[in-house]
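Asks: Just coords-v6.cif, nothing more (mmCIF, C-alpha atoms and all ligand atoms):
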data_start
#
loop_
_atom_site.label_atom_id
_atom_site.label_comp_id
_atom_site.auth_asym_id
_atom_site.auth_seq_id
_atom_site.Cartn_x
_atom_site.Cartn_y
_atom_site.Cartn_z
CA MET A 1 -5.58 -18.58 -3.81
CA ALA A 2 -4.80 -15.34 -5.46
CA GLU A 3 -6.35 -14.64 -8.82
CA VAL A 4 -3.47 -13.50 -11.04
CA VAL A 5 -4.33 -11.30 -14.00
CA ILE A 6 -1.56 -10.60 -16.50
CA VAL A 7 -2.34 -7.28 -18.13
CA GLY A 8 -0.93 -5.59 -21.22
CA SER A 9 0.05 -2.44 -19.37
CA ALA A 10 -0.01 -0.62 -16.06
CA VAL A 11 -2.82 1.52 -17.48
CA GLU A 12 -4.94 -1.60 -17.99
CA ALA A 13 -4.23 -2.73 -14.42
CA GLY A 14 -5.18 0.72 -13.14
CA ALA A 15 -8.50 0.48 -14.99
CA ILE A 16 -9.30 -2.94 -13.47
CA ALA A 17 -8.48 -1.78 -9.94
CA ALA A 18 -10.39 1.48 -10.43
CA ASP A 19 -13.46 -0.49 -11.57
CA ARG A 20 -13.28 -2.53 -8.37
CA ILE A 21 -13.12 0.62 -6.27
CA ALA A 22 -15.93 2.27 -8.24
CA ALA A 23 -18.16 -0.81 -7.75
CA LEU A 24 -17.39 -0.87 -4.02
CA VAL A 25 -18.16 2.83 -3.60
CA ALA A 26 -21.39 2.48 -5.59
CA ARG A 27 -22.46 -0.15 -3.05
CA LYS A 28 -21.01 1.63 -0.04
CA PRO A 29 -20.39 5.38 -0.51
CA ASP A 30 -18.46 5.58 2.78
CA ALA A 31 -16.27 2.55 1.99
CA VAL A 32 -12.92 2.24 3.72
CA LEU A 33 -10.01 2.16 1.26
CA GLY A 34 -6.52 1.00 2.11
CA LEU A 35 -4.16 3.39 0.33
CA ALA A 36 -0.68 2.56 -0.89
CA THR A 37 2.07 4.96 -1.92
CA GLY A 38 4.93 4.41 -4.36
CA SER A 39 4.71 4.69 -8.11
CA THR A 40 2.75 1.46 -8.62
CA PRO A 41 -0.75 2.68 -7.64
CA LEU A 42 -0.55 5.88 -9.72
CA PRO A 43 -2.45 4.34 -12.70
CA VAL A 44 -5.23 3.33 -10.28
CA TRP A 45 -5.68 6.91 -9.09
CA ALA A 46 -5.51 8.19 -12.69
CA ALA A 47 -8.22 5.75 -13.83
CA LEU A 48 -10.42 6.59 -10.83
CA ARG A 49 -10.12 10.26 -11.65
CA GLU A 50 -11.19 9.61 -15.26
CA ARG A 51 -14.27 7.80 -14.03
CA GLY A 52 -15.28 10.80 -11.95
CA VAL A 53 -16.39 8.59 -9.05
CA ASP A 54 -17.70 10.54 -6.04
CA LEU A 55 -15.22 9.65 -3.29
CA SER A 56 -16.18 12.50 -0.95
CA ARG A 57 -17.48 10.13 1.76
CA VAL A 58 -14.79 7.47 1.36
CA ARG A 59 -12.54 6.88 4.33
CA GLY A 60 -8.88 6.08 3.75
CA PHE A 61 -6.02 4.52 5.70
CA ALA A 62 -2.48 4.66 4.33
CA LEU A 63 -0.29 1.62 4.80
CA ASP A 64 2.80 3.32 6.12
CA GLU A 65 4.77 6.49 6.84
CA TYR A 66 8.40 7.45 7.25
CA LEU A 67 9.64 8.48 10.66
CA GLY A 68 12.02 11.38 11.12
CA LEU A 69 11.01 13.68 8.26
CA PRO A 70 10.20 17.29 9.15
CA PRO A 71 6.44 17.96 9.36
CA GLY A 72 5.02 18.73 5.92
CA ASP A 73 8.04 17.26 4.09
CA PRO A 74 6.88 16.72 0.49
CA GLU A 75 8.20 13.14 0.53
CA SER A 76 6.33 12.14 3.68
CA TYR A 77 3.59 9.69 2.81
CA ALA A 78 1.07 12.09 4.34
CA SER A 79 2.12 14.63 1.68
CA VAL A 80 2.21 11.98 -1.07
CA ILE A 81 -1.30 10.72 -0.22
CA ALA A 82 -2.60 14.30 -0.10
CA ARG A 83 -1.00 15.13 -3.47
CA ASP A 84 -1.64 11.89 -5.37
CA VAL A 85 -4.96 10.74 -3.91
CA VAL A 86 -6.88 13.13 -1.68
CA GLU A 87 -6.63 16.32 -3.75
CA PRO A 88 -7.00 14.93 -7.30
CA LEU A 89 -9.76 12.48 -6.35
CA GLY A 90 -11.73 14.77 -4.08
CA LEU A 91 -11.52 12.76 -0.88
CA ASP A 92 -12.27 14.59 2.36
CA PRO A 93 -8.85 15.11 4.04
CA ALA A 94 -10.52 14.76 7.44
CA LEU A 95 -11.47 11.17 6.53
CA VAL A 96 -8.01 10.05 5.46
CA ARG A 97 -5.42 8.82 7.94
CA VAL A 98 -1.70 8.07 7.75
CA PRO A 99 0.15 6.27 10.58
CA GLY A 100 1.45 8.73 13.16
CA ASP A 101 -0.58 11.65 11.80
CA ASP A 102 -2.25 12.37 15.15
CA GLY A 103 0.96 13.79 16.59
CA GLY A 104 0.86 11.50 19.64
CA PRO A 105 3.81 9.51 21.00
CA VAL A 106 5.38 7.27 18.39
CA GLU A 107 5.62 4.25 20.71
CA THR A 108 1.84 3.97 20.87
CA ALA A 109 1.09 5.27 17.37
CA GLY A 110 0.60 1.74 16.07
CA ALA A 111 -2.04 0.85 18.64
CA ARG A 112 -3.86 4.15 18.02
CA TYR A 113 -3.85 3.54 14.29
CA GLU A 114 -5.19 0.01 14.73
CA ALA A 115 -7.97 1.40 16.94
CA ALA A 116 -8.87 3.98 14.27
CA ILE A 117 -9.09 1.27 11.58
CA ARG A 118 -11.30 -0.85 13.87
CA ALA A 119 -13.51 2.15 14.67
CA ALA A 120 -14.03 2.68 10.93
CA GLY A 121 -15.24 -0.92 10.66
CA GLY A 122 -12.08 -2.26 8.99
CA VAL A 123 -10.65 -1.80 5.49
CA ASP A 124 -12.94 -2.89 2.66
CA LEU A 125 -10.38 -2.90 -0.14
CA GLN A 126 -6.64 -2.61 0.27
CA ILE A 127 -4.47 -1.50 -2.66
CA LEU A 128 -0.94 -2.90 -2.41
CA GLY A 129 2.34 -2.50 -4.24
CA ILE A 130 5.28 -4.76 -3.52
CA GLY A 131 8.91 -3.84 -2.96
CA ARG A 132 11.86 -5.58 -4.58
CA THR A 133 12.59 -7.21 -1.20
CA GLY A 134 9.06 -8.65 -1.20
CA HIS A 135 7.84 -6.08 1.32
CA ILE A 136 4.25 -4.93 1.46
CA GLY A 137 3.61 -1.70 3.31
CA PHE A 138 7.06 -1.42 4.89
CA ASN A 139 7.02 -4.97 6.30
CA GLU A 140 10.54 -5.94 5.38
CA PRO A 141 11.76 -9.56 5.33
CA GLY A 142 11.63 -11.02 8.83
CA SER A 143 8.31 -9.34 9.69
CA SER A 144 5.98 -11.51 11.72
CA LEU A 145 3.07 -12.82 9.68
CA ALA A 146 0.75 -11.74 12.51
CA SER A 147 2.32 -8.28 12.98
CA ARG A 148 0.25 -5.16 13.66
CA THR A 149 1.03 -1.47 12.99
CA ARG A 150 4.42 -0.66 14.53
CA VAL A 151 7.81 0.95 14.06
CA LYS A 152 10.17 -0.85 11.66
CA THR A 153 13.70 -0.31 10.34
CA LEU A 154 14.03 0.01 6.57
CA THR A 155 16.46 -2.27 4.73
CA ASP A 156 19.34 -0.80 2.73
CA ALA A 157 17.71 -2.17 -0.46
CA THR A 158 14.45 -0.30 0.22
CA ARG A 159 16.28 2.88 1.18
CA ALA A 160 18.28 2.65 -2.07
CA ASP A 161 15.06 2.12 -4.08
CA ASN A 162 13.39 5.09 -2.44
CA ALA A 163 16.47 7.34 -2.69
CA ARG A 164 15.09 8.55 -6.04
CA PHE A 165 12.59 10.66 -4.13
CA PHE A 166 15.28 12.38 -2.01
CA ASP A 167 18.38 14.51 -2.73
CA THR A 168 20.79 11.87 -1.41
CA ILE A 169 20.45 8.40 0.09
CA ASP A 170 21.43 9.87 3.47
CA ASP A 171 18.20 11.86 3.40
CA VAL A 172 16.10 8.67 3.19
CA PRO A 173 14.69 7.90 6.64
CA ARG A 174 15.88 4.76 8.40
CA HIS A 175 12.66 4.05 10.26
CA CYS A 176 8.98 3.98 9.53
CA LEU A 177 5.57 3.19 10.90
CA THR A 178 3.79 0.49 8.95
CA GLN A 179 0.61 -1.51 9.16
CA GLY A 180 1.56 -5.07 10.04
CA LEU A 181 1.02 -8.13 7.88
CA GLY A 182 -1.79 -9.15 10.24
CA THR A 183 -3.36 -5.70 9.81
CA ILE A 184 -3.19 -5.98 6.02
CA LEU A 185 -4.72 -9.47 6.09
CA ASP A 186 -7.72 -8.08 8.00
CA ALA A 187 -8.82 -6.08 4.93
CA ARG A 188 -11.83 -7.68 3.24
CA GLU A 189 -10.21 -7.63 -0.20
CA LEU A 190 -6.64 -7.16 -1.42
CA VAL A 191 -5.56 -5.89 -4.84
CA LEU A 192 -1.80 -6.13 -5.36
CA LEU A 193 -0.23 -4.51 -8.41
CA ALA A 194 3.30 -4.89 -9.75
CA PHE A 195 4.94 -3.76 -12.94
CA GLY A 196 8.38 -4.29 -14.49
CA GLU A 197 11.05 -6.92 -14.39
CA ALA A 198 12.54 -5.67 -11.13
CA LYS A 199 9.40 -6.94 -9.35
CA ALA A 200 9.32 -10.39 -11.04
CA GLU A 201 11.11 -12.25 -8.27
CA ALA A 202 9.07 -10.66 -5.49
CA VAL A 203 5.83 -11.41 -7.38
CA ALA A 204 6.77 -15.06 -7.94
CA GLY A 205 7.66 -15.45 -4.26
CA ALA A 206 4.48 -13.72 -3.14
CA VAL A 207 2.18 -15.75 -5.38
CA GLU A 208 3.88 -19.15 -5.61
CA GLY A 209 6.60 -19.32 -2.98
CA PRO A 210 6.26 -20.71 0.52
CA VAL A 211 4.35 -18.43 2.91
CA SER A 212 7.26 -17.04 4.84
CA ALA A 213 8.38 -14.02 6.82
CA SER A 214 11.41 -13.90 4.53
CA LEU A 215 9.10 -12.77 1.70
CA PRO A 216 6.39 -10.77 3.47
CA GLY A 217 4.22 -10.42 0.35
CA SER A 218 3.65 -14.19 0.48
CA VAL A 219 1.05 -13.60 3.22
CA ILE A 220 -1.42 -12.73 0.47
CA GLN A 221 -1.73 -16.51 0.00
CA LEU A 222 -3.46 -16.64 3.39
CA HIS A 223 -6.20 -14.25 2.25
CA PRO A 224 -9.40 -15.50 0.59
CA GLU A 225 -10.02 -12.44 -1.68
CA VAL A 226 -6.86 -11.40 -3.51
CA THR A 227 -6.32 -10.14 -7.03
CA VAL A 228 -2.79 -9.72 -8.36
CA LEU A 229 -2.51 -7.42 -11.38
CA VAL A 230 0.85 -7.74 -13.12
CA ASP A 231 2.29 -6.83 -16.49
CA GLU A 232 4.23 -9.39 -18.58
CA ALA A 233 7.57 -8.30 -17.13
CA ALA A 234 6.48 -8.60 -13.49
CA ALA A 235 4.89 -11.97 -14.30
CA GLY A 236 8.15 -13.17 -15.87
CA ARG A 237 9.09 -15.58 -13.07
CA LEU A 238 5.64 -17.07 -12.49
C1 LIG A 301 7.56 1.53 -0.91
C2 LIG A 301 6.23 1.51 -0.09
C3 LIG A 301 5.39 0.32 -0.45
C4 LIG A 301 5.41 0.19 -1.95
C5 LIG A 301 6.77 -0.25 -2.41
C6 LIG A 301 6.96 -0.26 -3.92
O1 LIG A 301 8.70 1.51 -0.15
N1 LIG A 301 6.38 1.56 1.32
O2 LIG A 301 4.07 0.50 0.05
O3 LIG A 301 4.49 -0.79 -2.37
O4 LIG A 301 7.80 0.45 -1.76
O5 LIG A 301 7.14 1.02 -4.44
P1 LIG A 301 6.93 1.35 -5.96
O6 LIG A 301 5.48 1.16 -6.21
O7 LIG A 301 7.35 2.77 -6.15
O8 LIG A 301 7.74 0.37 -6.73
#
How does the structure come out when it is put into structure tokens?
Ligand code: GLP
Replies:
Amino acid sequence: MAEVVIVGSAVEAGAIAADRIAALVARKPDAVLGLATGSTPLPVWAALRERGVDLSRVRGFALDEYLGLPPGDPESYASVIARDVVEPLGLDPALVRVPGDDGGPVETAGARYEAAIRAAGGVDLQILGIGRTGHIGFNEPGSSLASRTRVKTLTDATRADNARFFDTIDDVPRHCLTQGLGTILDARELVLLAFGEAKAEAVAGAVEGPVSASLPGSVIQLHPEVTVLVDEAAAGRL
């Protein structure tokens, strides 16, 4: 069962998650972190930065990446992870991976990424946001609960939500590479964060609804070590 912590603010949630990461890295300086993009994890990175934790040996694996953006596009998740996590927190860029970043064929990118995660010994702590559709990573409704890293099509709802990062909605990619739900469940610990009323329904479904491919975030109920950090608004339907 997930431990649900209702916090006063996103800043408070960021502090709790950052403390978890700091404790992990104190124990294991080359810990493997599962990195999420989106606006939700930003308070985690900010709190980690304040703590001045040495993350130079930490290895990182991003959850997902858009397909079809030009190399180096500032909205690619490789760029976002570099800008929001690697540079400000002093991670070694050579130790941080994003799906598809090896430039190999896209059809086998998922299998290569899975192999890289295995070779690193698996993810110790996975940070997760959740989309309005209940997606984690980019596992949209209908994703197999046992899925591994693969190509997926983005829903119109997710493309509309992410259009804020692009000039027009037509510029939002239609496809992505994402860790599967099975991949995410292999992490030793999950910390899911969600803030604001728009996430309340997805949070309620993930924490209390039936475990179902129609709300992919509900797979967290199958994991033995999950913390859900939500503000009052995101907890509104619990
Ligand atoms: C994005 C990402 C997810 C993220 C979610 C929520 O599409 N692929 O990993 O958790 O949507 O984003 P935000 O945190 O900006 O609300």
Asks: If you count all atoms listed in the file, which residues end up within 8 Å of ligand LIG 301 (chain A), as a tab-separated table (two decimals) with C-alpha atoms, in the coordinates of the input?
Replies:
chain	number	residue	atom	x	y	z
A	36	ALA	CA	-0.68	2.56	-0.89
A	37	THR	CA	2.07	4.96	-1.92
A	38	GLY	CA	4.93	4.41	-4.36
A	39	SER	CA	4.71	4.69	-8.11
A	40	THR	CA	2.75	1.46	-8.62
A	41	PRO	CA	-0.75	2.68	-7.64
A	63	LEU	CA	-0.29	1.62	4.80
A	64	ASP	CA	2.80	3.32	6.12
A	65	GLU	CA	4.77	6.49	6.84
A	128	LEU	CA	-0.94	-2.90	-2.41
A	129	GLY	CA	2.34	-2.50	-4.24
A	130	ILE	CA	5.28	-4.76	-3.52
A	131	GLY	CA	8.91	-3.84	-2.96
A	132	ARG	CA	11.86	-5.58	-4.58
A	135	HIS	CA	7.84	-6.08	1.32
A	136	ILE	CA	4.25	-4.93	1.46
A	137	GLY	CA	3.61	-1.70	3.31
A	138	PHE	CA	7.06	-1.42	4.89
A	158	THR	CA	14.45	-0.30	0.22
A	159	ARG	CA	16.28	2.88	1.18
A	161	ASP	CA	15.06	2.12	-4.08
A	162	ASN	CA	13.39	5.09	-2.44
A	194	ALA	CA	3.30	-4.89	-9.75
A	195	PHE	CA	4.94	-3.76	-12.94
A	199	LYS	CA	9.40	-6.94	-9.35
Asks: Just to confirm, what's the straight-line distance from CA of Ser143 in chain A to CA of Ala213 in chain A in Å (one decimal)?
Replies: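 So the answer is 5.5 Å.
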Asks: Using all atoms listed in the file, can you tell me which of A:Gly104, A:Gly34, A:Gly72, A:Gly236 comes closest to Ala187 in chain A?
Replies: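 Ranking A:Gly104, A:Gly34, A:Gly72, A:Gly236 by distance to Ala187 in chain A, first place goes to A:Gly34.
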Asks: Just the residues within 9 Å of Gly209 in chain A, please, counting only C-alpha atoms, with nothing from its chain fewer than 5 positions along; format it as a PyMOL selection string.
Replies: chain A and resi 204+215+218
Asks: Give me, please, the distance in Å between CA of Asp156 in chain A and CA of Asp101 in chain A, quoted to one decimal.
Replies: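 Computing the Euclidean distance for CA of Asp156 in chain A and CA of Asp101 in chain A yields 25.2 Å.
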Asks: Could you name the residues that touch Ile184 in chain A at 10 Å or less, counting all atoms listed in the file, but leaving out those on the same chain fewer than 5 positions away, as a PyMOL selection string?
Replies: chain A and resi 34+63+123+125-128+136-137+145-149+178-179+189-190+219-220+223
Asks: Starting from the point (-15.3, 0.0, 0.4), work out which residues of protein, DNA or RNA have an atom no more than 7 Å away when counting only C-alpha atoms; state them as an NGL selection string.
Replies: :A and (24-25 or 28 or 30-33 or 124-125)
Asks: Within 8 Å of range 4-9 of chain A, counting all atoms listed in the file, which residues show up once you throw out same-chain ones fewer than 5 positions away? Write them as a count of residues only, please.
Replies: 7
Asks: Contacts of Ala119 in chain A at 12 Å or less, counting only C-alpha atoms, minus same-chain residues fewer than 6 places along, as a PyMOL selection string?
Replies: chain A and resi 32+59+61+112-113
Asks: Between CA of Val98 in chain A and CA of Ala62 in chain A, what is the distance, to one decimal in Å?
Replies: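 Calculated distance between CA of Val98 in chain A and CA of Ala62 in chain A is 4.9 Å.
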Asks: Which is closest to Gly14 in chain A among A:Leu192, A:Val86, A:Ala233, A:Val211, if we use all atoms listed in the file?
Replies: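 Smallest separation from Gly14 in chain A among the options: A:Leu192.
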Asks: Which one of A:Val106, A:Leu177, A:Ala234, A:Leu91 sits closest to Pro29 in chain A if you count all atoms listed in the file?
Replies: A:Leu91
Asks: Tell me which of A:Lys152, A:Arg97, A:Arg51, A:Arg164 sits closest to Ala78 in chain A, counting all atoms listed in the file.
Replies: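 Closest to Ala78 in chain A of all the choices is A:Arg97.
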Asks: Using only the atoms of range 171-184 of chain A listed in the file, plus 5 Å on each side, state the axis-aligned box centre and edge lengths in Å rounded to one decimal, as JSON.
Replies:
{"center_x": 7.4, "center_y": 1.4, "center_z": 7.0, "size_x": 31.6, "size_y": 31.0, "size_z": 17.7}
Asks: Restricting the calculation to only C-alpha atoms, which member of A:Asp73, A:Glu3, A:Glu225, A:Asp54 is positioned closest to Val172 in chain A?
Replies: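 The shortest atom-to-atom distance to Val172 in chain A comes from A:Asp73.
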Asks: Smallest atom-to-atom distance to Leu89 in chain A: which of A:Gly205, A:Gly134, A:Gly52, A:Pro43, using only C-alpha atoms?
Replies: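 That would be A:Gly52, the residue with the smallest distance to Leu89 in chain A.
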Asks: Find the residues around Ala18 in chain A up to 8 Å (only C-alpha atoms counted), leave out those fewer than 6 positions away in its own chain, and share them as a list in words.
Replies: Val44, Trp45, Ala47 and Leu48 of chain A
Asks: Can you take the partial range 63-88 of chain A, add N, CA and C atoms, and return it as a PDB file, in the frame of the given file?
Replies:
ATOM      1  N   LEU A  63      -0.990   2.782   4.254  1.00  0.00           N
ATOM      2  CA  LEU A  63      -0.290   1.620   4.800  1.00  0.00           C
ATOM      3  C   LEU A  63       0.841   1.991   5.743  1.00  0.00           C
ATOM      4  N   ASP A  64       1.533   3.097   5.415  1.00  0.00           N
ATOM      5  CA  ASP A  64       2.800   3.320   6.120  1.00  0.00           C
ATOM      6  C   ASP A  64       3.218   4.786   6.055  1.00  0.00           C
ATOM      7  N   GLU A  65       4.234   5.110   6.809  1.00  0.00           N
ATOM      8  CA  GLU A  65       4.770   6.490   6.840  1.00  0.00           C
ATOM      9  C   GLU A  65       6.219   6.432   7.316  1.00  0.00           C
ATOM     10  N   TYR A  66       7.024   7.314   6.759  1.00  0.00           N
ATOM     11  CA  TYR A  66       8.400   7.450   7.250  1.00  0.00           C
ATOM     12  C   TYR A  66       8.398   8.083   8.629  1.00  0.00           C
ATOM     13  N   LEU A  67       9.411   7.773   9.402  1.00  0.00           N
ATOM     14  CA  LEU A  67       9.640   8.480  10.660  1.00  0.00           C
ATOM     15  C   LEU A  67      10.869   9.371  10.481  1.00  0.00           C
ATOM     16  N   GLY A  68      10.821  10.540  11.095  1.00  0.00           N
ATOM     17  CA  GLY A  68      12.020  11.380  11.120  1.00  0.00           C
ATOM     18  C   GLY A  68      12.052  12.478  10.070  1.00  0.00           C
ATOM     19  N   LEU A  69      11.043  12.562   9.220  1.00  0.00           N
ATOM     20  CA  LEU A  69      11.010  13.680   8.260  1.00  0.00           C
ATOM     21  C   LEU A  69      10.384  14.889   8.948  1.00  0.00           C
ATOM     22  N   PRO A  70      10.831  16.105   8.564  1.00  0.00           N
ATOM     23  CA  PRO A  70      10.200  17.290   9.150  1.00  0.00           C
ATOM     24  C   PRO A  70       8.712  17.333   8.783  1.00  0.00           C
ATOM     25  N   PRO A  71       7.869  17.888   9.662  1.00  0.00           N
ATOM     26  CA  PRO A  71       6.440  17.960   9.360  1.00  0.00           C
ATOM     27  C   PRO A  71       6.221  18.663   8.023  1.00  0.00           C
ATOM     28  N   GLY A  72       5.323  18.109   7.210  1.00  0.00           N
ATOM     29  CA  GLY A  72       5.020  18.730   5.920  1.00  0.00           C
ATOM     30  C   GLY A  72       6.042  18.424   4.833  1.00  0.00           C
ATOM     31  N   ASP A  73       7.062  17.603   5.130  1.00  0.00           N
ATOM     32  CA  ASP A  73       8.040  17.260   4.090  1.00  0.00           C
ATOM     33  C   ASP A  73       7.293  16.687   2.880  1.00  0.00           C
ATOM     34  N   PRO A  74       7.630  17.174   1.676  1.00  0.00           N
ATOM     35  CA  PRO A  74       6.880  16.720   0.490  1.00  0.00           C
ATOM     36  C   PRO A  74       7.010  15.222   0.224  1.00  0.00           C
ATOM     37  N   GLU A  75       8.039  14.581   0.755  1.00  0.00           N
ATOM     38  CA  GLU A  75       8.200  13.140   0.530  1.00  0.00           C
ATOM     39  C   GLU A  75       7.593  12.287   1.640  1.00  0.00           C
ATOM     40  N   SER A  76       7.027  12.929   2.670  1.00  0.00           N
ATOM     41  CA  SER A  76       6.330  12.140   3.680  1.00  0.00           C
ATOM     42  C   SER A  76       5.135  11.501   2.996  1.00  0.00           C
ATOM     43  N   TYR A  77       4.724  10.344   3.468  1.00  0.00           N
ATOM     44  CA  TYR A  77       3.590   9.690   2.810  1.00  0.00           C
ATOM     45  C   TYR A  77       2.293  10.464   3.061  1.00  0.00           C
ATOM     46  N   ALA A  78       2.239  11.225   4.145  1.00  0.00           N
ATOM     47  CA  ALA A  78       1.070  12.090   4.340  1.00  0.00           C
ATOM     48  C   ALA A  78       0.974  13.085   3.186  1.00  0.00           C
ATOM     49  N   SER A  79       2.119  13.674   2.800  1.00  0.00           N
ATOM     50  CA  SER A  79       2.120  14.630   1.680  1.00  0.00           C
ATOM     51  C   SER A  79       1.803  13.911   0.369  1.00  0.00           C
ATOM     52  N   VAL A  80       2.410  12.724   0.188  1.00  0.00           N
ATOM     53  CA  VAL A  80       2.210  11.980  -1.070  1.00  0.00           C
ATOM     54  C   VAL A  80       0.730  11.603  -1.230  1.00  0.00           C
ATOM     55  N   ILE A  81       0.120  11.113  -0.155  1.00  0.00           N
ATOM     56  CA  ILE A  81      -1.300  10.720  -0.220  1.00  0.00           C
ATOM     57  C   ILE A  81      -2.172  11.950  -0.489  1.00  0.00           C
ATOM     58  N   ALA A  82      -1.830  13.072   0.138  1.00  0.00           N
ATOM     59  CA  ALA A  82      -2.600  14.300  -0.100  1.00  0.00           C
ATOM     60  C   ALA A  82      -2.504  14.709  -1.574  1.00  0.00           C
ATOM     61  N   ARG A  83      -1.277  14.659  -2.104  1.00  0.00           N
ATOM     62  CA  ARG A  83      -1.000  15.130  -3.470  1.00  0.00           C
ATOM     63  C   ARG A  83      -1.527  14.177  -4.549  1.00  0.00           C
ATOM     64  N   ASP A  84      -1.319  12.872  -4.317  1.00  0.00           N
ATOM     65  CA  ASP A  84      -1.640  11.890  -5.370  1.00  0.00           C
ATOM     66  C   ASP A  84      -3.071  11.367  -5.287  1.00  0.00           C
ATOM     67  N   VAL A  85      -3.653  11.398  -4.085  1.00  0.00           N
ATOM     68  CA  VAL A  85      -4.960  10.740  -3.910  1.00  0.00           C
ATOM     69  C   VAL A  85      -6.025  11.736  -3.454  1.00  0.00           C
ATOM     70  N   VAL A  86      -5.821  12.346  -2.309  1.00  0.00           N
ATOM     71  CA  VAL A  86      -6.880  13.130  -1.680  1.00  0.00           C
ATOM     72  C   VAL A  86      -7.294  14.322  -2.560  1.00  0.00           C
ATOM     73  N   GLU A  87      -6.290  15.110  -2.977  1.00  0.00           N
ATOM     74  CA  GLU A  87      -6.630  16.320  -3.750  1.00  0.00           C
ATOM     75  C   GLU A  87      -7.184  15.987  -5.132  1.00  0.00           C
ATOM     76  N   PRO A  88      -6.456  15.165  -5.940  1.00  0.00           N
ATOM     77  CA  PRO A  88      -7.000  14.930  -7.300  1.00  0.00           C
ATOM     78  C   PRO A  88      -8.319  14.169  -7.311  1.00  0.00           C
TER      79      PRO A  88
END
